[in-house]
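**Q** Sharing data07.txt below, compact mmCIF, C-alpha atoms and all ligand atoms:
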```txt
# COMPACT_ATOMS: atom_id res chain seq x y z
CA MET J 23 -15.21 6.06 16.36
CA ARG J 24 -16.86 6.34 12.99
CA CYS J 25 -15.94 4.83 9.63
CA ILE J 26 -14.26 7.56 7.56
CA LEU J 27 -16.20 6.45 4.47
CA CYS J 28 -19.79 5.78 5.62
CA GLN J 29 -19.74 7.48 9.05
CA ARG J 30 -21.33 4.47 10.74
CA PHE J 31 -19.95 3.37 14.10
CA SER J 32 -16.87 1.23 13.55
CA PHE J 33 -13.84 0.14 15.51
CA PRO J 34 -11.53 0.07 12.44
CA LEU J 35 -11.01 3.39 10.69
CA ILE J 36 -12.82 1.91 7.67
CA CYS J 37 -15.65 -0.44 8.60
CA LYS J 38 -15.75 -4.05 7.40
CA GLN J 39 -18.63 -3.33 5.01
CA CYS J 40 -16.79 -0.44 3.37
CA GLN J 41 -13.60 -2.48 3.17
CA ALA J 42 -15.50 -5.23 1.35
CA LEU J 43 -17.34 -2.74 -0.87
CA PHE J 44 -14.57 -0.28 -1.79
CA LEU J 45 -11.29 -1.98 -0.94
CA SER J 46 -11.48 -5.34 -2.64
CA PRO J 47 -8.27 -5.70 -4.63
CA THR J 48 -8.08 -6.64 -8.31
CA LEU J 49 -4.86 -7.71 -9.96
CA PHE J 50 -3.44 -5.28 -12.55
CA THR J 51 -0.34 -6.26 -14.50
CA ARG J 52 1.95 -3.79 -16.19
CA THR J 53 5.14 -4.62 -18.07
CA LEU J 54 7.74 -1.92 -17.42
CA GLN J 55 10.45 -3.66 -19.40
CA PRO J 56 10.66 -7.09 -21.01
CA ASN J 57 10.75 -9.58 -18.12
CA PHE J 58 9.86 -6.95 -15.55
CA GLU J 59 6.23 -6.94 -14.48
CA VAL J 60 4.59 -4.79 -11.85
CA TYR J 61 1.52 -6.21 -10.15
CA SER J 62 -0.84 -3.70 -8.54
CA PHE J 63 -4.05 -4.14 -6.60
CA PHE J 64 -5.95 -0.90 -7.04
CA ARG J 65 -6.24 1.75 -9.70
CA TYR J 66 -5.43 5.20 -8.45
CA SER J 67 -8.88 6.51 -9.40
CA GLU J 68 -10.54 3.93 -7.13
CA VAL J 69 -8.68 4.88 -3.98
CA CYS J 70 -7.22 8.35 -4.62
CA ASP J 71 -8.94 9.95 -1.62
CA LEU J 72 -7.53 7.29 0.69
CA ILE J 73 -4.05 7.50 -0.85
CA LYS J 74 -4.09 11.25 -0.32
CA THR J 75 -4.37 10.64 3.45
CA LYS J 76 -0.81 9.35 3.44
CA TYR J 77 0.66 12.54 4.83
CA SER J 78 -2.18 13.09 7.29
CA PRO J 79 -2.50 11.78 10.88
CA ILE J 80 -4.72 8.88 9.73
CA GLY J 81 -2.36 7.85 6.94
CA LYS J 82 -0.72 5.03 8.86
CA ALA J 83 -4.06 3.46 9.86
CA VAL J 84 -5.26 3.67 6.22
CA PHE J 85 -2.08 2.00 4.94
CA ASP J 86 -2.42 -0.65 7.63
CA ILE J 87 -5.83 -1.56 6.18
CA PHE J 88 -4.36 -1.59 2.65
CA GLY J 89 -1.51 -3.80 3.85
CA LYS J 90 -3.95 -6.32 5.32
CA GLN J 91 -5.98 -6.35 2.11
CA MET J 92 -2.83 -6.98 0.02
CA LYS J 93 -1.71 -9.78 2.30
CA GLN J 94 -5.10 -11.52 2.24
CA TYR J 95 -5.45 -11.16 -1.52
CA LEU J 96 -1.97 -12.33 -2.59
CA PRO J 97 -2.53 -16.10 -2.03
CA LYS J 98 -5.56 -15.89 -4.34
CA VAL J 99 -3.47 -14.71 -7.29
CA PHE J 100 0.08 -15.95 -6.59
CA ASP J 101 1.60 -19.25 -5.65
CA LEU J 102 3.40 -18.30 -2.43
CA LYS J 103 5.15 -21.60 -1.80
CA GLU J 104 8.57 -20.36 -2.86
CA GLU J 105 10.82 -18.68 -0.30
CA THR J 106 11.01 -15.03 -1.37
CA ILE J 107 13.14 -12.09 -0.29
CA VAL J 108 11.14 -8.87 -0.37
CA ILE J 109 12.84 -5.48 -0.68
CA PRO J 110 10.72 -2.40 0.08
CA VAL J 111 11.68 0.61 -2.06
CA ASP J 112 13.04 3.44 0.05
CA ASP J 113 11.28 2.41 3.27
CA CYS J 114 12.94 5.14 5.30
CA VAL J 115 10.82 6.99 7.80
CA LYS J 116 9.41 10.31 6.61
CA LYS J 117 6.97 12.30 8.72
CA GLY J 118 6.60 9.57 11.34
CA PHE J 119 6.20 6.46 9.19
CA SER J 120 7.02 4.95 5.83
CA HIS J 121 4.03 3.92 3.68
CA THR J 122 6.06 1.26 1.92
CA ALA J 123 7.33 -0.14 5.24
CA VAL J 124 3.74 -0.43 6.54
CA LEU J 125 2.77 -2.49 3.47
CA ALA J 126 5.96 -4.56 3.73
CA LYS J 127 5.30 -5.25 7.40
CA HIS J 128 2.07 -7.03 6.42
CA LEU J 129 3.79 -8.96 3.63
CA HIS J 130 6.38 -10.06 6.21
CA THR J 131 3.63 -12.07 7.97
CA ILE J 132 3.35 -14.37 4.90
CA PRO J 133 5.39 -17.43 6.00
CA THR J 134 7.51 -17.66 2.80
CA PHE J 135 8.09 -13.89 2.49
CA HIS J 136 11.19 -12.51 4.14
CA VAL J 137 11.18 -8.73 4.13
CA GLU J 138 14.58 -7.07 4.33
CA PHE J 139 13.87 -3.63 5.72
CA SER J 140 16.02 -0.53 5.12
CA ARG J 141 18.16 -2.10 2.41
CA LEU J 142 17.30 0.15 -0.53
CA LYS J 143 17.41 3.85 0.18
CA ALA J 144 17.13 6.88 -2.05
CA THR J 145 20.11 9.15 -1.45
CA HIS J 146 18.49 11.97 -3.39
CA SER J 147 15.39 13.13 -1.55
CA VAL J 148 13.03 14.22 -4.31
CA THR J 149 9.24 14.30 -4.45
CA TYR J 150 7.72 13.14 -7.73
CA SER J 151 4.09 13.76 -6.82
CA GLY J 152 2.55 16.06 -9.42
CA LYS J 153 5.86 16.37 -11.30
CA SER J 154 6.31 15.81 -15.05
CA TYR J 155 7.94 12.81 -16.63
CA GLN J 156 10.84 15.03 -17.73
CA TYR J 157 11.41 16.23 -14.16
CA ARG J 158 11.44 12.64 -12.91
CA VAL J 159 13.97 11.61 -15.57
CA GLU J 160 16.21 14.57 -14.73
CA ASN J 161 16.04 13.96 -10.97
CA PRO J 162 16.77 10.31 -10.27
CA ARG J 163 16.51 9.05 -6.71
CA GLN J 164 20.03 7.60 -6.73
CA PHE J 165 19.42 4.44 -4.75
CA LEU J 166 21.92 2.85 -2.43
CA TYR J 167 21.56 -0.88 -1.80
CA ARG J 168 22.95 -2.44 1.35
CA GLY J 169 21.45 -5.92 1.12
CA LYS J 170 22.55 -9.39 0.14
CA LYS J 171 24.24 -9.76 -3.23
CA ASP J 172 23.85 -12.54 -5.78
CA THR J 173 20.28 -13.33 -4.80
CA SER J 174 16.77 -12.97 -6.20
CA VAL J 175 14.13 -10.63 -4.78
CA ILE J 176 10.81 -8.91 -5.38
CA LEU J 177 10.35 -5.17 -4.92
CA VAL J 178 7.50 -3.50 -3.02
CA ASP J 179 6.36 0.10 -3.35
CA ASP J 180 3.14 1.95 -2.58
CA VAL J 181 2.43 3.60 -5.96
CA VAL J 182 3.70 3.06 -9.50
CA THR J 183 3.20 6.08 -11.75
CA THR J 184 5.70 6.31 -14.62
CA GLY J 185 7.61 3.29 -13.35
CA LEU J 186 10.89 5.24 -13.31
CA THR J 187 11.45 4.67 -9.57
CA LEU J 188 11.04 0.90 -9.89
CA LEU J 189 13.27 0.80 -12.97
CA GLU J 190 15.97 2.77 -11.17
CA ALA J 191 15.64 0.54 -8.09
CA ARG J 192 15.92 -2.55 -10.29
CA GLU J 193 19.02 -1.21 -12.06
CA THR J 194 20.66 -0.56 -8.68
CA LEU J 195 19.97 -4.14 -7.64
CA ILE J 196 21.18 -5.59 -10.93
CA ARG J 197 24.51 -3.78 -10.41
CA ALA J 198 24.74 -5.61 -7.05
CA GLY J 199 24.19 -8.94 -8.77
CA VAL J 200 20.58 -9.20 -7.58
CA THR J 201 17.83 -10.53 -9.83
CA VAL J 202 14.51 -8.72 -9.50
CA ARG J 203 11.71 -11.16 -10.27
CA PHE J 204 8.90 -8.62 -10.29
CA ALA J 205 7.44 -5.74 -8.28
CA LEU J 206 4.32 -5.38 -6.17
CA THR J 207 2.68 -2.02 -5.69
CA LEU J 208 -0.50 -1.14 -3.91
CA VAL J 209 -1.70 1.29 -6.57
CA ASP J 210 -1.19 1.78 -10.29
CA ALA J 211 -1.44 5.48 -11.09
CA ARG J 212 -0.62 5.36 -14.79
CA HIS J 213 -3.93 6.99 -15.72
CA ILE J 214 -3.37 10.21 -13.78
CA ASP J 215 -0.01 10.27 -15.43
CA LYS J 216 -1.39 10.29 -18.96
CA GLU J 217 -3.43 13.33 -18.06
CA LYS J 218 -0.25 15.15 -17.12
CA GLY J 219 1.52 14.16 -20.32
CA ALA J 220 3.89 11.73 -18.66
CA SER J 221 4.37 8.19 -19.87
ZN ZN I 301 -18.01 2.28 6.42
```
Let me see whether you can do it: turn the structure in this file into structure tokens.
Ligand SMILES: [Zn+2]

**A**
Amino acid sequence: MRCILCQRFSFPLICKQCQALFLSPTLFTRTLQPNFEVYSFFRYSEVCDLIKTKYSPIGKAVFDIFGKQMKQYLPKVFDLKEETIVIPVDDCVKKGFSHTAVLAKHLHTIPTFHVEFSRLKATHSVTYSGKSYQYRVENPRQFLYRGKKDTSVILVDDVVTTGLTLLEARETLIRAGVTVRFALTLVDARHIDKEKGAS
């Protein structure tokens, strides 16, 4: 097959050269609330075309490549010695696969990371893509948490835009006596958000 970026012959969907050239992560830190940081690895503008494949037939393969990149990059920027419970945000299967679950599956291969799948589900199925900040505020996802209580975790999601989803997820966990140390997201999309007048 051919690399979807450069069209050269390649066994992976994106060839090694293009992965090195266009998919090298950089750490972005965003403080959503005091003591609640979100660490992201790409800006939306850098990878928007690839992120848009998420509902297409190649979406899973693209997110698999992103997941590998995240996993390889994490030890360079974090001390991963501590045992850590990882909770993917709403990793239920939609249209064949869950983007967050694909990323979490790669994080699960880090020896000290223990991913608890299907623990945090949105009971209100709402799509935020392209929606205003006001719409997002008025239509919360209403998370249900079915995991361990009185513990400490990190959250994983594919994209952070306004941060409302992560804040709502964190509040749900706090009510269950769970401390959220921080969140990891593949992409920070705050810049597209400003253009739309959101926060
Ligand atoms: Zn290529």

**Q** Could you give me, as number ranges by chain, the residues within 9 Å of J:Pro133, counting all atoms listed in the file and dropping anything in the same chain fewer than 5 positions from it?

**A** J: 102-103, 105

**Q** Using only C-alpha atoms, can you tell me which of J:Phe165, J:Ser154, J:Pro97, J:Cys114 comes closest to J:Ile132?

**A** J:Pro97

**Q** As an exercise, work out the distance from atom CA of J:Thr134 to atom CA of J:Lys93 in Å and give it to one decimal place.

**A** 12.1 Å

**Q** Quick one: contact table of chain J to ligand ZN 301 (chain I), 7 Å max, nearest atom pair and distance in Å to one decimal per residue, counting all atoms listed in the file, chain and number order, as a Markdown table?

**A**
```
| residue | atom | partner | partner_atom | distance |
| --- | --- | --- | --- | --- |
| J:Cys25 | CA | I:ZN301 | ZN | 4.6 |
| J:Ile26 | CA | I:ZN301 | ZN | 6.6 |
| J:Leu27 | CA | I:ZN301 | ZN | 4.9 |
| J:Cys28 | CA | I:ZN301 | ZN | 4.0 |
| J:Gln29 | CA | I:ZN301 | ZN | 6.1 |
| J:Arg30 | CA | I:ZN301 | ZN | 5.9 |
| J:Ile36 | CA | I:ZN301 | ZN | 5.4 |
| J:Cys37 | CA | I:ZN301 | ZN | 4.2 |
| J:Lys38 | CA | I:ZN301 | ZN | 6.8 |
| J:Gln39 | CA | I:ZN301 | ZN | 5.8 |
| J:Cys40 | CA | I:ZN301 | ZN | 4.3 |
```

**Q** Near J:Asp179, counting only C-alpha atoms, which residues have an atom at most 8 Å away, once you skip same-chain residues fewer than 3 positions from it, shown as a ChimeraX atom specification?

**A** /J:110-111,122,182,205-208

**Q** Generate the output file for the selected residues, C-alpha atoms, as an mmCIF file, in the coordinates of the input.

**A**
```cif
data_model
loop_
_atom_site.group_PDB
_atom_site.id
_atom_site.type_symbol
_atom_site.label_atom_id
_atom_site.label_comp_id
_atom_site.auth_asym_id
_atom_site.auth_seq_id
_atom_site.Cartn_x
_atom_site.Cartn_y
_atom_site.Cartn_z
ATOM 1 C CA PRO J 110 10.720 -2.400 0.080
ATOM 2 C CA VAL J 111 11.680 0.610 -2.060
ATOM 3 C CA THR J 122 6.060 1.260 1.920
ATOM 4 C CA VAL J 182 3.700 3.060 -9.500
ATOM 5 C CA ALA J 205 7.440 -5.740 -8.280
ATOM 6 C CA LEU J 206 4.320 -5.380 -6.170
ATOM 7 C CA THR J 207 2.680 -2.020 -5.690
ATOM 8 C CA LEU J 208 -0.500 -1.140 -3.910
#
```

**Q** Please measure the separation of atom CA of J:Pro47 and atom CA of J:Arg141, giving the value in Å to one decimal.

**A** 27.6 Å

**Q** Which neighbours of J:Thr106 fall inside 8 Å, counting only C-alpha atoms, when residues of the same chain fewer than 6 positions from it are skipped, and could you give them as number ranges by chain?

**A** J: 134-136, 174-176

**Q** Skipping near chain neighbours, those fewer than 4 positions away, what residues fall within 12 Å of J:Ser62 using all atoms listed in the file, listed as a PyMOL selection string?

**A** chain J and resi 47-53+66+88+92+95-96+99+177-183+185+204-212

**Q** Any idea what the distance is between atom CA of J:Ser147 and atom CA of J:Arg163?

**A**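 Separation between atom CA of J:Ser147 and atom CA of J:Arg163: 6.7 Å.
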
**Q** So that I can check the surroundings of J:Ala198, please list as a compact mmCIF listing (two decimals) with C-alpha atoms, keeping the file's coordinate frame every protein, DNA and RNA residue that reaches within 12 Å of it, counting all atoms listed in the file and ignoring chain neighbours fewer than 5 positions away.

**A**
```txt
# COMPACT_ATOMS: atom_id res chain seq x y z
CA LEU J 142 17.30 0.15 -0.53
CA PHE J 165 19.42 4.44 -4.75
CA LEU J 166 21.92 2.85 -2.43
CA TYR J 167 21.56 -0.88 -1.80
CA ARG J 168 22.95 -2.44 1.35
CA GLY J 169 21.45 -5.92 1.12
CA LYS J 170 22.55 -9.39 0.14
CA LYS J 171 24.24 -9.76 -3.23
CA ASP J 172 23.85 -12.54 -5.78
CA THR J 173 20.28 -13.33 -4.80
CA SER J 174 16.77 -12.97 -6.20
CA VAL J 175 14.13 -10.63 -4.78
CA ALA J 191 15.64 0.54 -8.09
CA ARG J 192 15.92 -2.55 -10.29
CA GLU J 193 19.02 -1.21 -12.06
```

**Q** Have a look at J:Ile107, J:His130, J:Ser151, J:Val115 and name the one nearest to J:Val200; count all atoms listed in the file.

**A**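 Distance minimum relative to J:Val200 lands on J:Ile107.
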
**Q** Could you give me the centre and size, in Å to one decimal, of an axis-aligned box around all listed atoms of stretch 164-179 of chain J with 4 Å added on every side, as lines of an AutoDock Vina configuration file?

**A**
```
center_x = 15.3
center_y = -2.9
center_z = -2.7
size_x = 25.9
size_y = 28.9
size_z = 16.1
```

**Q** Pick the closest to J:Lys74 from J:Phe31, J:Phe100, J:Gln164, J:His121: which is it, counting all atoms listed in the file?

**A** J:His121

**Q** Using all atoms listed in the file, can you list as a list in words the residues within 9 Å of (-10.8, 5.5, -0.6)?

**A** Leu27, Phe44, Leu45, Glu68, Val69, Cys70, Asp71, Leu72, Ile73, Lys74 and Val84 of chain J

**Q** Would you mind exporting C-alpha atoms of the selected residues as a PDB file, in the coordinates of the input?

**A**
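The resulting file, out.pdb, is reproduced below:
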```pdb
ATOM      1  CA  LEU J  27     -16.200   6.450   4.470  1.00  0.00           C
ATOM      2  CA  PHE J  44     -14.570  -0.280  -1.790  1.00  0.00           C
ATOM      3  CA  LEU J  45     -11.290  -1.980  -0.940  1.00  0.00           C
ATOM      4  CA  GLU J  68     -10.540   3.930  -7.130  1.00  0.00           C
ATOM      5  CA  VAL J  69      -8.680   4.880  -3.980  1.00  0.00           C
ATOM      6  CA  CYS J  70      -7.220   8.350  -4.620  1.00  0.00           C
ATOM      7  CA  ASP J  71      -8.940   9.950  -1.620  1.00  0.00           C
ATOM      8  CA  LEU J  72      -7.530   7.290   0.690  1.00  0.00           C
ATOM      9  CA  ILE J  73      -4.050   7.500  -0.850  1.00  0.00           C
ATOM     10  CA  LYS J  74      -4.090  11.250  -0.320  1.00  0.00           C
ATOM     11  CA  VAL J  84      -5.260   3.670   6.220  1.00  0.00           C
TER      12      VAL J  84
END
```

**Q** Would you save stretch 142-176 of chain J to a file, keeping N, CA, C and O atoms, as a PDB file, in the first residue's frame?

**A**
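The result, stored in out-v3.pdb:
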```pdb
ATOM      1  N   LEU J 142     -15.864   4.813  32.677  1.00  0.00           N
ATOM      2  CA  LEU J 142     -16.425   6.162  32.707  1.00  0.00           C
ATOM      3  C   LEU J 142     -17.191   6.404  31.402  1.00  0.00           C
ATOM      4  O   LEU J 142     -16.592   6.653  30.362  1.00  0.00           O
ATOM      5  N   LYS J 143     -18.507   6.311  31.498  1.00  0.00           N
ATOM      6  CA  LYS J 143     -19.312   6.419  30.282  1.00  0.00           C
ATOM      7  C   LYS J 143     -20.225   7.636  30.326  1.00  0.00           C
ATOM      8  O   LYS J 143     -20.785   7.958  31.384  1.00  0.00           O
ATOM      9  N   ALA J 144     -20.375   8.267  29.155  1.00  0.00           N
ATOM     10  CA  ALA J 144     -21.330   9.359  29.043  1.00  0.00           C
ATOM     11  C   ALA J 144     -22.717   8.743  28.877  1.00  0.00           C
ATOM     12  O   ALA J 144     -22.917   7.884  28.026  1.00  0.00           O
ATOM     13  N   THR J 145     -23.657   9.175  29.716  1.00  0.00           N
ATOM     14  CA  THR J 145     -25.017   8.635  29.564  1.00  0.00           C
ATOM     15  C   THR J 145     -25.832   9.497  28.604  1.00  0.00           C
ATOM     16  O   THR J 145     -26.871   9.095  28.132  1.00  0.00           O
ATOM     17  N   HIS J 146     -25.340  10.692  28.337  1.00  0.00           N
ATOM     18  CA  HIS J 146     -26.008  11.583  27.391  1.00  0.00           C
ATOM     19  C   HIS J 146     -25.161  11.629  26.125  1.00  0.00           C
ATOM     20  O   HIS J 146     -24.065  12.176  26.116  1.00  0.00           O
ATOM     21  N   SER J 147     -25.652  11.008  25.078  1.00  0.00           N
ATOM     22  CA  SER J 147     -24.894  10.929  23.832  1.00  0.00           C
ATOM     23  C   SER J 147     -25.041  12.233  23.055  1.00  0.00           C
ATOM     24  O   SER J 147     -26.072  12.492  22.445  1.00  0.00           O
ATOM     25  N   VAL J 148     -24.013  13.067  23.138  1.00  0.00           N
ATOM     26  CA  VAL J 148     -24.076  14.376  22.481  1.00  0.00           C
ATOM     27  C   VAL J 148     -22.755  14.617  21.754  1.00  0.00           C
ATOM     28  O   VAL J 148     -21.693  14.246  22.244  1.00  0.00           O
ATOM     29  N   THR J 149     -22.844  15.178  20.557  1.00  0.00           N
ATOM     30  CA  THR J 149     -21.634  15.470  19.787  1.00  0.00           C
ATOM     31  C   THR J 149     -21.290  16.946  19.938  1.00  0.00           C
ATOM     32  O   THR J 149     -22.121  17.811  19.655  1.00  0.00           O
ATOM     33  N   TYR J 150     -20.073  17.227  20.378  1.00  0.00           N
ATOM     34  CA  TYR J 150     -19.657  18.608  20.588  1.00  0.00           C
ATOM     35  C   TYR J 150     -18.950  19.214  19.367  1.00  0.00           C
ATOM     36  O   TYR J 150     -18.769  20.413  19.300  1.00  0.00           O
ATOM     37  N   SER J 151     -18.534  18.347  18.451  1.00  0.00           N
ATOM     38  CA  SER J 151     -17.759  18.828  17.311  1.00  0.00           C
ATOM     39  C   SER J 151     -18.486  19.949  16.573  1.00  0.00           C
ATOM     40  O   SER J 151     -19.635  19.779  16.130  1.00  0.00           O
ATOM     41  N   GLY J 152     -17.825  21.094  16.468  1.00  0.00           N
ATOM     42  CA  GLY J 152     -18.396  22.227  15.744  1.00  0.00           C
ATOM     43  C   GLY J 152     -19.449  23.005  16.537  1.00  0.00           C
ATOM     44  O   GLY J 152     -20.010  23.977  16.045  1.00  0.00           O
ATOM     45  N   LYS J 153     -19.704  22.575  17.780  1.00  0.00           N
ATOM     46  CA  LYS J 153     -20.740  23.241  18.578  1.00  0.00           C
ATOM     47  C   LYS J 153     -20.121  24.363  19.444  1.00  0.00           C
ATOM     48  O   LYS J 153     -18.943  24.341  19.760  1.00  0.00           O
ATOM     49  N   SER J 154     -20.985  25.339  19.794  1.00  0.00           N
ATOM     50  CA  SER J 154     -20.499  26.487  20.570  1.00  0.00           C
ATOM     51  C   SER J 154     -20.240  26.105  22.024  1.00  0.00           C
ATOM     52  O   SER J 154     -20.712  25.070  22.505  1.00  0.00           O
ATOM     53  N   TYR J 155     -19.542  26.983  22.696  1.00  0.00           N
ATOM     54  CA  TYR J 155     -19.267  26.778  24.119  1.00  0.00           C
ATOM     55  C   TYR J 155     -20.589  26.703  24.894  1.00  0.00           C
ATOM     56  O   TYR J 155     -20.775  25.837  25.751  1.00  0.00           O
ATOM     57  N   GLN J 156     -21.506  27.623  24.541  1.00  0.00           N
ATOM     58  CA  GLN J 156     -22.805  27.663  25.223  1.00  0.00           C
ATOM     59  C   GLN J 156     -23.542  26.321  25.073  1.00  0.00           C
ATOM     60  O   GLN J 156     -24.085  25.786  26.029  1.00  0.00           O
ATOM     61  N   TYR J 157     -23.533  25.780  23.867  1.00  0.00           N
ATOM     62  CA  TYR J 157     -24.200  24.493  23.620  1.00  0.00           C
ATOM     63  C   TYR J 157     -23.579  23.406  24.497  1.00  0.00           C
ATOM     64  O   TYR J 157     -24.267  22.587  25.089  1.00  0.00           O
ATOM     65  N   ARG J 158     -22.257  23.419  24.585  1.00  0.00           N
ATOM     66  CA  ARG J 158     -21.561  22.396  25.380  1.00  0.00           C
ATOM     67  C   ARG J 158     -21.930  22.517  26.859  1.00  0.00           C
ATOM     68  O   ARG J 158     -22.102  21.523  27.547  1.00  0.00           O
ATOM     69  N   VAL J 159     -22.015  23.768  27.333  1.00  0.00           N
ATOM     70  CA  VAL J 159     -22.368  23.987  28.747  1.00  0.00           C
ATOM     71  C   VAL J 159     -23.792  23.490  29.013  1.00  0.00           C
ATOM     72  O   VAL J 159     -24.073  22.858  30.030  1.00  0.00           O
ATOM     73  N   GLU J 160     -24.684  23.753  28.040  1.00  0.00           N
ATOM     74  CA  GLU J 160     -26.096  23.402  28.249  1.00  0.00           C
ATOM     75  C   GLU J 160     -26.381  21.918  28.032  1.00  0.00           C
ATOM     76  O   GLU J 160     -27.469  21.441  28.342  1.00  0.00           O
ATOM     77  N   ASN J 161     -25.428  21.200  27.442  1.00  0.00           N
ATOM     78  CA  ASN J 161     -25.645  19.775  27.156  1.00  0.00           C
ATOM     79  C   ASN J 161     -24.524  18.913  27.736  1.00  0.00           C
ATOM     80  O   ASN J 161     -23.712  18.365  26.994  1.00  0.00           O
ATOM     81  N   PRO J 162     -24.487  18.805  29.050  1.00  0.00           N
ATOM     82  CA  PRO J 162     -23.406  18.005  29.643  1.00  0.00           C
ATOM     83  C   PRO J 162     -23.522  16.530  29.265  1.00  0.00           C
ATOM     84  O   PRO J 162     -24.601  16.064  28.881  1.00  0.00           O
ATOM     85  N   ARG J 163     -22.411  15.832  29.365  1.00  0.00           N
ATOM     86  CA  ARG J 163     -22.402  14.418  28.949  1.00  0.00           C
ATOM     87  C   ARG J 163     -22.976  13.483  30.013  1.00  0.00           C
ATOM     88  O   ARG J 163     -23.279  12.345  29.731  1.00  0.00           O
ATOM     89  N   GLN J 164     -23.058  13.987  31.234  1.00  0.00           N
ATOM     90  CA  GLN J 164     -23.624  13.184  32.331  1.00  0.00           C
ATOM     91  C   GLN J 164     -22.934  11.825  32.471  1.00  0.00           C
ATOM     92  O   GLN J 164     -23.474  10.785  32.111  1.00  0.00           O
ATOM     93  N   PHE J 165     -21.728  11.887  32.991  1.00  0.00           N
ATOM     94  CA  PHE J 165     -20.916  10.676  33.112  1.00  0.00           C
ATOM     95  C   PHE J 165     -21.391   9.765  34.237  1.00  0.00           C
ATOM     96  O   PHE J 165     -21.905  10.224  35.266  1.00  0.00           O
ATOM     97  N   LEU J 166     -21.183   8.496  34.014  1.00  0.00           N
ATOM     98  CA  LEU J 166     -21.441   7.482  35.030  1.00  0.00           C
ATOM     99  C   LEU J 166     -20.133   6.738  35.244  1.00  0.00           C
ATOM    100  O   LEU J 166     -19.523   6.255  34.283  1.00  0.00           O
ATOM    101  N   TYR J 167     -19.690   6.684  36.499  1.00  0.00           N
ATOM    102  CA  TYR J 167     -18.415   6.023  36.807  1.00  0.00           C
ATOM    103  C   TYR J 167     -18.668   4.712  37.526  1.00  0.00           C
ATOM    104  O   TYR J 167     -19.390   4.664  38.517  1.00  0.00           O
ATOM    105  N   ARG J 168     -18.071   3.653  37.013  1.00  0.00           N
ATOM    106  CA  ARG J 168     -18.258   2.332  37.617  1.00  0.00           C
ATOM    107  C   ARG J 168     -16.928   1.706  38.042  1.00  0.00           C
ATOM    108  O   ARG J 168     -16.783   0.498  38.020  1.00  0.00           O
ATOM    109  N   GLY J 169     -15.970   2.561  38.385  1.00  0.00           N
ATOM    110  CA  GLY J 169     -14.656   2.020  38.745  1.00  0.00           C
ATOM    111  C   GLY J 169     -14.407   2.016  40.238  1.00  0.00           C
ATOM    112  O   GLY J 169     -15.328   2.215  41.037  1.00  0.00           O
ATOM    113  N   LYS J 170     -13.136   1.798  40.575  1.00  0.00           N
ATOM    114  CA  LYS J 170     -12.735   1.770  41.985  1.00  0.00           C
ATOM    115  C   LYS J 170     -12.915   3.141  42.616  1.00  0.00           C
ATOM    116  O   LYS J 170     -12.652   4.162  41.979  1.00  0.00           O
ATOM    117  N   LYS J 171     -13.328   3.131  43.884  1.00  0.00           N
ATOM    118  CA  LYS J 171     -13.466   4.398  44.609  1.00  0.00           C
ATOM    119  C   LYS J 171     -12.224   4.622  45.480  1.00  0.00           C
ATOM    120  O   LYS J 171     -11.407   3.717  45.635  1.00  0.00           O
ATOM    121  N   ASP J 172     -12.126   5.822  46.003  1.00  0.00           N
ATOM    122  CA  ASP J 172     -11.028   6.158  46.928  1.00  0.00           C
ATOM    123  C   ASP J 172      -9.658   5.789  46.359  1.00  0.00           C
ATOM    124  O   ASP J 172      -8.855   5.108  47.000  1.00  0.00           O
ATOM    125  N   THR J 173      -9.410   6.203  45.143  1.00  0.00           N
ATOM    126  CA  THR J 173      -8.117   5.934  44.522  1.00  0.00           C
ATOM    127  C   THR J 173      -7.648   7.186  43.774  1.00  0.00           C
ATOM    128  O   THR J 173      -8.275   8.239  43.874  1.00  0.00           O
ATOM    129  N   SER J 174      -6.564   7.066  43.038  1.00  0.00           N
ATOM    130  CA  SER J 174      -6.031   8.208  42.311  1.00  0.00           C
ATOM    131  C   SER J 174      -5.748   7.763  40.876  1.00  0.00           C
ATOM    132  O   SER J 174      -5.186   6.684  40.661  1.00  0.00           O
ATOM    133  N   VAL J 175      -6.164   8.570  39.922  1.00  0.00           N
ATOM    134  CA  VAL J 175      -6.100   8.144  38.509  1.00  0.00           C
ATOM    135  C   VAL J 175      -5.612   9.287  37.609  1.00  0.00           C
ATOM    136  O   VAL J 175      -5.537  10.432  38.034  1.00  0.00           O
ATOM    137  N   ILE J 176      -5.317   8.933  36.358  1.00  0.00           N
ATOM    138  CA  ILE J 176      -5.189   9.966  35.325  1.00  0.00           C
ATOM    139  C   ILE J 176      -6.237   9.683  34.237  1.00  0.00           C
ATOM    140  O   ILE J 176      -6.627   8.529  34.038  1.00  0.00           O
TER     141      ILE J 176
END
```
